[in-house]
$ cat run18.pdb   # PDB, C-alpha atoms and all ligand atoms
ATOM      1  CA  MET O   1       0.949  92.903-180.255
ATOM      2  CA  ASN O   2      -0.891  92.644-176.954
ATOM      3  CA  GLU O   3       0.198  90.259-174.224
ATOM      4  CA  LYS O   4      -0.930  86.656-174.350
ATOM      5  CA  ILE O   5      -3.208  85.491-171.532
ATOM      6  CA  PHE O   6      -0.440  83.542-169.776
ATOM      7  CA  GLU O   7       2.080  86.373-170.124
ATOM      8  CA  ALA O   8      -0.253  88.869-168.499
ATOM      9  CA  ILE O   9      -1.111  86.435-165.684
ATOM     10  CA  LYS O  10       2.571  85.684-165.061
ATOM     11  CA  ARG O  11       3.536  89.352-164.914
ATOM     12  CA  ALA O  12       0.534  90.217-162.729
ATOM     13  CA  SER O  13       1.185  87.327-160.293
ATOM     14  CA  ALA O  14       4.775  88.488-159.819
ATOM     15  CA  LEU O  15       3.609  92.032-159.019
ATOM     16  CA  LEU O  16       1.026  90.722-156.545
ATOM     17  CA  GLU O  17       3.650  88.537-154.896
ATOM     18  CA  GLU O  18       5.978  91.493-154.474
ATOM     19  CA  LYS O  19       3.231  93.248-152.508
ATOM     20  CA  GLY O  20       2.480  90.171-150.407
ATOM     21  CA  LEU O  21      -0.971  89.837-152.008
ATOM     22  CA  GLU O  22      -2.707  86.629-153.149
ATOM     23  CA  THR O  23      -1.184  85.680-156.522
ATOM     24  CA  ASN O  24      -4.233  83.702-157.685
ATOM     25  CA  MET O  25      -6.149  86.988-157.979
ATOM     26  CA  ALA O  26      -4.402  87.447-161.350
ATOM     27  CA  SER O  27      -6.151  84.406-162.895
ATOM     28  CA  LEU O  28      -9.447  85.261-161.198
ATOM     29  CA  LEU O  29      -9.312  88.767-162.650
ATOM     30  CA  MET O  30      -8.401  87.322-166.053
ATOM     31  CA  GLU O  31     -11.453  85.019-165.931
ATOM     32  CA  PHE O  32     -13.596  88.087-165.268
ATOM     33  CA  VAL O  33     -12.018  90.246-167.976
ATOM     34  CA  THR O  34     -12.048  87.554-170.699
ATOM     35  CA  LYS O  35     -15.394  86.068-169.510
ATOM     36  CA  LYS O  36     -13.767  82.626-169.606
ATOM     37  CA  SER O  37     -14.071  79.799-167.094
ATOM     38  CA  SER O  38     -10.856  78.708-165.362
ATOM     39  CA  ALA O  39     -10.804  75.613-167.630
ATOM     40  CA  SER O  40     -11.080  77.572-170.889
ATOM     41  CA  LEU O  41      -8.529  80.065-169.619
ATOM     42  CA  LEU O  42      -6.057  77.180-169.381
ATOM     43  CA  ALA O  43      -6.992  75.894-172.842
ATOM     44  CA  ASP O  44      -6.663  79.367-174.384
ATOM     45  CA  TRP O  45      -3.562  80.466-172.465
ATOM     46  CA  ARG O  46      -1.630  81.419-175.623
ATOM     47  CA  GLU O  47      -4.442  83.625-176.935
ATOM     48  CA  PRO O  48      -3.530  87.314-177.119
ATOM     49  CA  LEU O  49      -5.709  89.771-175.195
ATOM     50  CA  THR O  50      -7.752  92.247-177.225
ATOM     51  CA  GLU O  51      -6.850  95.910-176.810
ATOM     52  CA  GLU O  52      -9.883  96.433-174.598
ATOM     53  CA  GLN O  53      -9.134  93.367-172.439
ATOM     54  CA  GLN O  54      -5.504  94.399-172.043
ATOM     55  CA  GLN O  55      -6.531  97.868-170.858
ATOM     56  CA  GLN O  56      -9.210  96.628-168.490
ATOM     57  CA  PHE O  57      -6.984  93.903-167.042
ATOM     58  CA  TRP O  58      -4.144  96.261-166.194
ATOM     59  CA  SER O  59      -6.331  99.046-164.907
ATOM     60  CA  GLN O  60      -8.110  96.615-162.533
ATOM     61  CA  MET O  61      -4.766  94.987-161.635
ATOM     62  CA  HIS O  62      -3.596  98.372-160.389
ATOM     63  CA  GLU O  63      -6.628  98.567-158.119
ATOM     64  CA  LEU O  64      -5.771  95.086-156.776
ATOM     65  CA  LEU O  65      -2.169  96.145-156.237
ATOM     66  CA  SER O  66      -3.422  99.063-154.125
ATOM     67  CA  GLY O  67      -4.946  96.459-151.768
ATOM     68  CA  LYS O  68      -8.585  96.754-152.839
ATOM     69  CA  PRO O  69     -10.407  93.406-152.466
ATOM     70  CA  LEU O  70     -11.000  91.558-155.743
ATOM     71  CA  GLN O  71     -14.765  91.539-155.162
ATOM     72  CA  TYR O  72     -14.914  95.342-155.043
ATOM     73  CA  VAL O  73     -12.674  95.609-158.107
ATOM     74  CA  ILE O  74     -14.891  93.342-160.209
ATOM     75  CA  GLY O  75     -18.061  94.477-158.391
ATOM     76  CA  GLN O  76     -19.408  91.033-157.578
ATOM     77  CA  GLU O  77     -19.241  87.995-155.316
ATOM     78  CA  SER O  78     -21.005  84.683-155.540
ATOM     79  CA  PHE O  79     -23.178  83.637-152.621
ATOM     80  CA  TYR O  80     -25.329  80.511-152.321
ATOM     81  CA  GLY O  81     -24.839  79.820-156.028
ATOM     82  CA  ARG O  82     -25.789  83.281-157.290
ATOM     83  CA  LEU O  83     -23.841  86.390-158.223
ATOM     84  CA  PHE O  84     -24.391  89.464-156.057
ATOM     85  CA  LYS O  85     -23.338  92.961-156.950
ATOM     86  CA  VAL O  86     -21.123  94.536-154.258
ATOM     87  CA  ASP O  87     -19.554  97.950-153.746
ATOM     88  CA  ALA O  88     -17.920  99.810-150.884
ATOM     89  CA  ASN O  89     -21.331 100.342-149.222
ATOM     90  CA  VAL O  90     -21.707  96.667-148.389
ATOM     91  CA  LEU O  91     -19.799  93.901-146.698
ATOM     92  CA  ILE O  92     -18.528  91.283-149.151
ATOM     93  CA  PRO O  93     -20.757  88.300-148.298
ATOM     94  CA  ARG O  94     -18.764  85.490-146.655
ATOM     95  CA  PRO O  95     -18.932  81.698-146.994
ATOM     96  CA  GLU O  96     -19.737  81.425-143.261
ATOM     97  CA  THR O  97     -22.959  83.289-143.971
ATOM     98  CA  GLU O  98     -23.918  80.739-146.629
ATOM     99  CA  GLU O  99     -23.905  78.266-143.752
ATOM    100  CA  LEU O 100     -26.310  80.504-141.813
ATOM    101  CA  VAL O 101     -28.685  80.460-144.806
ATOM    102  CA  PHE O 102     -28.355  76.682-145.188
ATOM    103  CA  GLU O 103     -29.009  75.997-141.482
ATOM    104  CA  ALA O 104     -31.864  78.509-141.364
ATOM    105  CA  LEU O 105     -33.583  76.904-144.363
ATOM    106  CA  LYS O 106     -33.155  73.428-142.880
ATOM    107  CA  ARG O 107     -34.559  74.428-139.496
ATOM    108  CA  SER O 108     -37.394  76.486-140.997
ATOM    109  CA  GLN O 109     -38.397  73.538-143.169
ATOM    110  CA  LEU O 110     -38.750  71.314-140.087
ATOM    111  CA  LEU O 111     -40.710  73.961-138.181
ATOM    112  CA  PHE O 112     -42.942  75.383-140.902
ATOM    113  CA  HIS O 113     -42.794  73.012-143.902
ATOM    114  CA  ASP O 114     -43.446  75.021-147.072
ATOM    115  CA  LYS O 115     -45.792  77.628-145.662
ATOM    116  CA  ALA O 116     -45.952  81.314-146.577
ATOM    117  CA  ILE O 117     -43.906  82.262-143.539
ATOM    118  CA  SER O 118     -42.804  85.819-142.728
ATOM    119  CA  VAL O 119     -39.049  86.229-142.684
ATOM    120  CA  VAL O 120     -36.810  89.228-142.054
ATOM    121  CA  ASP O 121     -33.081  89.712-142.563
ATOM    122  CA  ILE O 122     -31.875  92.510-140.264
ATOM    123  CA  GLY O 123     -28.811  94.358-141.576
ATOM    124  CA  THR O 124     -29.092  92.897-145.056
ATOM    125  CA  GLY O 125     -26.028  94.576-146.641
ATOM    126  CA  SER O 126     -25.857  93.245-150.222
ATOM    127  CA  GLY O 127     -29.127  91.387-149.619
ATOM    128  CA  ALA O 128     -27.310  88.048-149.646
ATOM    129  CA  ILE O 129     -29.309  86.342-146.865
ATOM    130  CA  ALA O 130     -32.736  87.740-147.774
ATOM    131  CA  VAL O 131     -32.425  87.123-151.522
ATOM    132  CA  SER O 132     -31.045  83.589-151.065
ATOM    133  CA  PHE O 133     -33.822  82.680-148.617
ATOM    134  CA  LYS O 134     -36.507  84.006-150.978
ATOM    135  CA  LYS O 135     -35.038  82.142-153.977
ATOM    136  CA  GLU O 136     -34.928  78.879-152.012
ATOM    137  CA  TRP O 137     -38.364  79.387-150.396
ATOM    138  CA  PRO O 138     -40.462  81.334-152.907
ATOM    139  CA  GLU O 139     -43.682  81.196-150.828
ATOM    140  CA  ALA O 140     -42.057  83.082-147.945
ATOM    141  CA  ASN O 141     -42.808  86.779-147.412
ATOM    142  CA  VAL O 142     -39.296  88.116-147.075
ATOM    143  CA  TYR O 143     -38.342  91.509-145.666
ATOM    144  CA  ALA O 144     -34.879  93.034-145.415
ATOM    145  CA  THR O 145     -33.653  96.018-143.424
ATOM    146  CA  ASP O 146     -30.511  98.056-143.082
ATOM    147  CA  ILE O 147     -29.561 101.318-141.443
ATOM    148  CA  SER O 148     -27.426 102.242-144.454
ATOM    149  CA  GLU O 149     -29.132 103.878-147.429
ATOM    150  CA  GLY O 150     -26.175 102.884-149.631
ATOM    151  CA  ALA O 151     -26.452  99.223-148.618
ATOM    152  CA  LEU O 152     -30.209  99.156-149.256
ATOM    153  CA  ALA O 153     -29.662 100.556-152.751
ATOM    154  CA  ILE O 154     -27.337  97.650-153.592
ATOM    155  CA  ALA O 155     -29.613  95.083-151.927
ATOM    156  CA  LYS O 156     -32.557  96.353-154.013
ATOM    157  CA  GLN O 157     -30.520  96.028-157.213
ATOM    158  CA  ASN O 158     -29.577  92.470-156.293
ATOM    159  CA  ALA O 159     -33.177  91.534-155.489
ATOM    160  CA  GLU O 160     -34.297  92.930-158.820
ATOM    161  CA  ALA O 161     -31.510  91.319-160.858
ATOM    162  CA  LEU O 162     -32.115  87.956-159.194
ATOM    163  CA  GLU O 163     -35.892  88.307-159.423
ATOM    164  CA  ALA O 164     -36.562  87.995-155.712
ATOM    165  CA  ALA O 165     -39.611  89.909-154.465
ATOM    166  CA  ILE O 166     -38.482  91.390-151.160
ATOM    167  CA  SER O 167     -39.837  94.289-149.067
ATOM    168  CA  PHE O 168     -37.112  96.666-147.942
ATOM    169  CA  ARG O 169     -37.204  98.924-144.898
ATOM    170  CA  ARG O 170     -34.612 101.322-143.619
ATOM    171  CA  GLY O 171     -33.950 101.773-139.916
ATOM    172  CA  ASP O 172     -32.225 100.786-136.712
ATOM    173  CA  LEU O 173     -32.447  97.066-135.845
ATOM    174  CA  THR O 174     -36.043  96.041-134.999
ATOM    175  CA  GLU O 175     -37.462  99.578-135.184
ATOM    176  CA  PRO O 176     -38.663  99.259-138.830
ATOM    177  CA  ILE O 177     -40.167  95.777-138.301
ATOM    178  CA  ALA O 178     -41.973  96.320-134.990
ATOM    179  CA  ASP O 179     -45.409  96.686-136.624
ATOM    180  CA  ARG O 180     -45.975  92.938-136.957
ATOM    181  CA  LYS O 181     -44.901  89.500-135.737
ATOM    182  CA  TRP O 182     -42.387  87.238-137.416
ATOM    183  CA  ASP O 183     -41.863  83.532-138.013
ATOM    184  CA  VAL O 184     -38.169  83.760-138.875
ATOM    185  CA  VAL O 185     -35.663  86.489-138.009
ATOM    186  CA  LEU O 186     -32.153  86.206-139.444
ATOM    187  CA  SER O 187     -29.198  88.510-138.983
ATOM    188  CA  ASN O 188     -25.487  88.711-139.551
ATOM    189  CA  PRO O 189     -24.934  91.892-137.563
ATOM    190  CA  PRO O 190     -21.619  93.667-137.068
ATOM    191  CA  TYR O 191     -19.856  91.650-134.349
ATOM    192  CA  ILE O 192     -16.170  92.535-134.306
ATOM    193  CA  ALA O 193     -14.961  94.180-131.086
ATOM    194  CA  TYR O 194     -13.084  97.455-131.632
ATOM    195  CA  ASP O 195      -9.964  96.055-129.971
ATOM    196  CA  GLU O 196      -9.858  93.190-132.510
ATOM    197  CA  ALA O 197      -9.070  95.626-135.347
ATOM    198  CA  ASP O 198      -5.334  94.987-135.004
ATOM    199  CA  GLN O 199      -5.853  91.301-135.939
ATOM    200  CA  MET O 200      -7.699  92.115-139.171
ATOM    201  CA  THR O 201      -6.204  92.228-142.652
ATOM    202  CA  ASN O 202      -5.663  95.615-144.277
ATOM    203  CA  SER O 203      -7.888  94.718-147.205
ATOM    204  CA  VAL O 204     -10.878  94.299-144.824
ATOM    205  CA  LEU O 205      -9.984  97.184-142.537
ATOM    206  CA  GLU O 206      -9.269  99.745-145.232
ATOM    207  CA  HIS O 207     -12.000  98.853-147.710
ATOM    208  CA  GLU O 208     -15.053  97.308-146.049
ATOM    209  CA  PRO O 209     -17.604  99.577-144.314
ATOM    210  CA  HIS O 210     -16.814  99.850-140.602
ATOM    211  CA  CYS O 211     -20.508 100.138-139.756
ATOM    212  CA  ALA O 212     -20.866  96.600-141.159
ATOM    213  CA  LEU O 213     -18.016  95.177-139.088
ATOM    214  CA  PHE O 214     -17.653  96.695-135.643
ATOM    215  CA  ALA O 215     -19.884  96.622-132.591
ATOM    216  CA  LYS O 216     -19.458  98.020-129.103
ATOM    217  CA  ASP O 217     -19.645  95.986-125.878
ATOM    218  CA  ASP O 218     -16.969  93.526-127.076
ATOM    219  CA  GLY O 219     -18.883  92.993-130.311
ATOM    220  CA  LEU O 220     -22.048  91.932-128.452
ATOM    221  CA  TYR O 221     -24.098  95.144-128.752
ATOM    222  CA  PHE O 222     -26.368  94.022-131.602
ATOM    223  CA  TYR O 223     -27.144  90.660-129.969
ATOM    224  CA  GLN O 224     -28.050  92.448-126.728
ATOM    225  CA  GLN O 225     -30.378  94.759-128.631
ATOM    226  CA  LEU O 226     -31.969  91.888-130.586
ATOM    227  CA  ALA O 227     -32.463  89.798-127.443
ATOM    228  CA  ASN O 228     -34.117  92.793-125.731
ATOM    229  CA  THR O 229     -36.456  93.786-128.522
ATOM    230  CA  LEU O 230     -37.373  90.550-130.337
ATOM    231  CA  PRO O 231     -39.478  88.679-127.702
ATOM    232  CA  PRO O 232     -42.781  90.555-128.334
ATOM    233  CA  LEU O 233     -42.179  90.475-132.114
ATOM    234  CA  MET O 234     -41.937  86.704-132.537
ATOM    235  CA  ASN O 235     -44.857  84.395-133.264
ATOM    236  CA  LYS O 236     -45.416  81.550-130.774
ATOM    237  CA  ARG O 237     -43.655  79.147-133.110
ATOM    238  CA  SER O 238     -40.592  80.919-134.417
ATOM    239  CA  LEU O 239     -36.949  80.761-135.320
ATOM    240  CA  ILE O 240     -34.193  83.305-134.806
ATOM    241  CA  GLY O 241     -30.812  82.661-136.437
ATOM    242  CA  VAL O 242     -27.787  84.913-136.061
ATOM    243  CA  GLU O 243     -24.199  84.661-137.201
ATOM    244  CA  ILE O 244     -21.645  85.177-134.411
ATOM    245  CA  GLY O 245     -17.912  85.593-133.954
ATOM    246  CA  TYR O 246     -16.204  82.299-133.087
ATOM    247  CA  GLN O 247     -15.565  83.361-129.483
ATOM    248  CA  GLN O 248     -19.071  84.677-128.824
ATOM    249  CA  GLY O 249     -21.031  81.402-128.619
ATOM    250  CA  LYS O 250     -21.521  81.230-124.856
ATOM    251  CA  ALA O 251     -22.252  84.939-124.409
ATOM    252  CA  VAL O 252     -24.832  85.117-127.213
ATOM    253  CA  HIS O 253     -26.417  81.818-126.138
ATOM    254  CA  LYS O 254     -26.912  83.299-122.669
ATOM    255  CA  LEU O 255     -28.465  86.512-124.030
ATOM    256  CA  PHE O 256     -31.073  84.630-126.090
ATOM    257  CA  GLN O 257     -31.783  82.013-123.415
ATOM    258  CA  GLN O 258     -32.480  84.790-120.908
ATOM    259  CA  ALA O 259     -34.707  86.644-123.374
ATOM    260  CA  PHE O 260     -36.565  83.452-124.379
ATOM    261  CA  PRO O 261     -36.535  81.215-121.270
ATOM    262  CA  ASN O 262     -38.683  78.473-122.882
ATOM    263  CA  ALA O 263     -36.861  78.383-126.215
ATOM    264  CA  ALA O 264     -34.392  75.782-127.482
ATOM    265  CA  VAL O 265     -31.212  77.791-128.016
ATOM    266  CA  ASP O 266     -28.354  76.087-129.907
ATOM    267  CA  ILE O 267     -24.784  77.065-130.662
ATOM    268  CA  VAL O 268     -23.971  75.769-134.161
ATOM    269  CA  GLN O 269     -20.474  75.329-135.601
ATOM    270  CA  ASP O 270     -19.296  76.171-139.105
ATOM    271  CA  ILE O 271     -17.459  73.687-141.364
ATOM    272  CA  ASN O 272     -14.197  74.680-139.682
ATOM    273  CA  GLY O 273     -15.586  73.536-136.346
ATOM    274  CA  LYS O 274     -15.863  77.071-134.963
ATOM    275  CA  ASP O 275     -18.908  78.395-133.102
ATOM    276  CA  ARG O 276     -20.570  80.494-135.834
ATOM    277  CA  MET O 277     -24.340  80.623-135.362
ATOM    278  CA  ILE O 278     -26.977  80.770-132.679
ATOM    279  CA  PHE O 279     -30.455  79.406-133.356
ATOM    280  CA  CYS O 280     -33.299  80.141-130.985
ATOM    281  CA  LYS O 281     -36.465  78.125-131.559
ATOM    282  CA  THR O 282     -39.728  78.854-129.813
ATOM    283  CA  CYS O 283     -42.759  76.525-129.956
ATOM    284  CA  GLU O 284     -46.283  76.902-128.648
TER     285      GLU O 284
HETATM  286  N1  LIG O 301     -26.272  90.587-144.189
HETATM  287  C1  LIG O 301     -25.086  90.947-144.977
HETATM  288  C2  LIG O 301     -24.170  89.744-145.092
HETATM  289  O1  LIG O 301     -24.354  88.809-144.308
HETATM  290  O2  LIG O 301     -23.308  89.714-145.958
HETATM  291  C3  LIG O 301     -24.338  92.115-144.346
HETATM  292  C4  LIG O 301     -23.868  91.867-142.953
HETATM  293  S1  LIG O 301     -22.845  93.158-142.273
HETATM  294  C5  LIG O 301     -21.877  92.192-141.159
HETATM  295  C6  LIG O 301     -23.914  94.035-141.149
HETATM  296  C7  LIG O 301     -24.960  94.963-141.783
HETATM  297  O3  LIG O 301     -25.711  95.587-140.722
HETATM  298  C8  LIG O 301     -24.387  96.100-142.610
HETATM  299  O4  LIG O 301     -24.990  96.139-143.883
HETATM  300  C9  LIG O 301     -24.726  97.371-141.812
HETATM  301  O5  LIG O 301     -25.018  98.499-142.616
HETATM  302  C10 LIG O 301     -25.959  96.933-141.055
HETATM  303  N2  LIG O 301     -26.196  97.670-139.806
HETATM  304  C11 LIG O 301     -25.284  98.234-138.982
HETATM  305  N3  LIG O 301     -25.910  98.821-137.934
HETATM  306  C12 LIG O 301     -27.235  98.611-138.105
HETATM  307  C13 LIG O 301     -28.400  98.971-137.347
HETATM  308  N4  LIG O 301     -28.303  99.655-136.205
HETATM  309  N5  LIG O 301     -29.607  98.597-137.821
HETATM  310  C14 LIG O 301     -29.721  97.901-138.983
HETATM  311  N6  LIG O 301     -28.660  97.528-139.729
HETATM  312  C15 LIG O 301     -27.430  97.869-139.302
HETATM  313  N1  LIG O 302     -16.939  87.690-140.781
HETATM  314  C1  LIG O 302     -16.587  89.066-141.026
HETATM  315  C2  LIG O 302     -15.068  89.265-140.908
HETATM  316  O1  LIG O 302     -14.400  88.460-140.350
HETATM  317  C3  LIG O 302     -17.295  89.982-140.055
HETATM  318  C4  LIG O 302     -18.753  89.987-140.277
HETATM  319  C5  LIG O 302     -19.503  90.592-139.149
HETATM  320  O2  LIG O 302     -19.030  91.395-138.341
HETATM  321  N2  LIG O 302     -20.722  90.218-139.092
HETATM  322  O3  LIG O 302     -14.520  90.235-141.404
END

$ encode --input "run18.pdb" --output "structure tokens" --more "lines below"
Ligand code: SAM
Ligand code: GLN
Amino acid sequence: MNEKIFEAIKRASALLEEKGLETNMASLLMEFVTKKSSASLLADWREPLTEEQQQQFWSQMHELLSGKPLQYVIGQESFYGRLFKVDANVLIPRPETEELVFEALKRSQLLFHDKAISVVDIGTGSGAIAVSFKKEWPEANVYATDISEGALAIAKQNAEALEAAISFRRGDLTEPIADRKWDVVLSNPPYIAYDEADQMTNSVLEHEPHCALFAKDDGLYFYQQLANTLPPLMNKRSLIGVEIGYQQGKAVHKLFQQAFPNAAVDIVQDINGKDRMIFCKTCE
């Protein structure tokens, strides 16, 4: 007889605890394997696993026990209310970035109403920002870029699965989007300084792509490049929104204010009260 749902969860939680890993990953994995909500998992806790479920659960548990993030094990993460496919080519989209999308939509609405604006997400990774923006603002012409072929492949799959018509371009920062002007530019670039690696968890450091995380010049490199190259690419009325590290507010504010002397540049906090975004608004 196979294990019952609660027996498997109990045994798995104990193994996770021994390794100092999050014990609630056992129930989250069980929800995925049994395709049950957390509520029905509780109601059905005495149900035995099928042979197939038992095998899948324990094989994926072993991946979790090796320190692999749950999202890579199950191949998905939810972002802005939708499920995105993820693999080792892309950063697991973070809740902070949902706030960037929310703030960008709010500010774009005030600036442009519901027009067919042109929007680009630079360094799209899984496509989380670009796809969410397009789903929330269907009239927008949304582009997404990345330097990583592997990331673009995943982003394209997500756009297709979520039925978001997006134009993808591969290349370095603004290089693939320099042929036209933009209303909205969004980016969550790599922003972790190399010397911050020792403060990061092993699950991030050993499993997420380093080209999605780290940036030279104390993590400011990509903001410097964007501030240098974006001014001729923005329409007169425009919005730039970037995610930042919580200690980078002042430095990134300065870079954009220097690049756009007449713009309104704001540092915006996340729900934890940490500096997390910079918005740069230009008007005619
Ligand atoms: N936008 C996704 C998100 O918010 O979840 C991914 C963000 S991740 C922090 C940064 C992304 O920038 C990665 O997908 C990485 O491949 C990409 N990237 C790194 N260097 C780049 C460059 N020079 N030009 C364009 N994209 C780059
Ligand atoms: N927020 C991510 C982390 O803490 C980093 C994302 C980024 O560099 N843009 O791991």

$ residues_near_ligand --input "run18.pdb" --ligand "ligand LIG 301 (chain O)" --cutoff "7 Å" --atoms "only C-alpha atoms and all ligand atoms" --output "count of residues only"
29

$ closest_residue --input "run18.pdb" --among "O:Ile5, O:Ala130, O:Ala193, O:Ala116" --to "Phe214 of chain O" --atoms "all atoms listed in the file"
O:Ala193

$ atom_distance --input "run18.pdb" --atom1 "atom CA of Asp121 of chain O" --atom2 "atom CA of Gln71 of chain O"
22.3 Å

$ closest_residue --input "run18.pdb" --among "O:Ser203, O:Thr282, O:Gln225, O:Gln258" --to "ligand LIG 302 (chain O)" --atoms "all atoms listed in the file"
O:Ser203

$ closest_residue --input "run18.pdb" --among "O:Gly67, O:Pro209, O:Pro261, O:Pro231" --to "ligand LIG 302 (chain O)" --atoms "all atoms listed in the file"
O:Pro209

$ closest_residue --input "run18.pdb" --among "O:Glu243, O:Asp218, O:Glu284, O:Asp275" --to "ligand LIG 302 (chain O)" --atoms "only C-alpha atoms and all ligand atoms"
O:Glu243

$ closest_residue --input "run18.pdb" --among "O:Ser108, O:Gln199, O:Gln55, O:Ser13" --to "Glu136 of chain O" --atoms "only C-alpha atoms"
O:Ser108

$ axis_aligned_box --input "run18.pdb" --around "ligand LIG 302 (chain O)" --padding-each-side "5 Å" --output "JSON"
{"center_x": -17.6, "center_y": 89.5, "center_z": -139.9, "size_x": 16.3, "size_y": 13.7, "size_z": 13.1}

$ closest_residue --input "run18.pdb" --among "O:Gly241, O:Gly150, O:Gly273, O:Pro95" --to "ligand LIG 302 (chain O)" --atoms "all atoms listed in the file"
O:Pro95

$ atom_distance --input "run18.pdb" --atom1 "atom CA of Leu205 of chain O" --atom2 "atom CA of Val101 of chain O"
25.2 Å

$ atom_distance --input "run18.pdb" --atom1 "atom CA of Met277 of chain O" --atom2 "atom CA of Lys254 of chain O"
13.2 Å
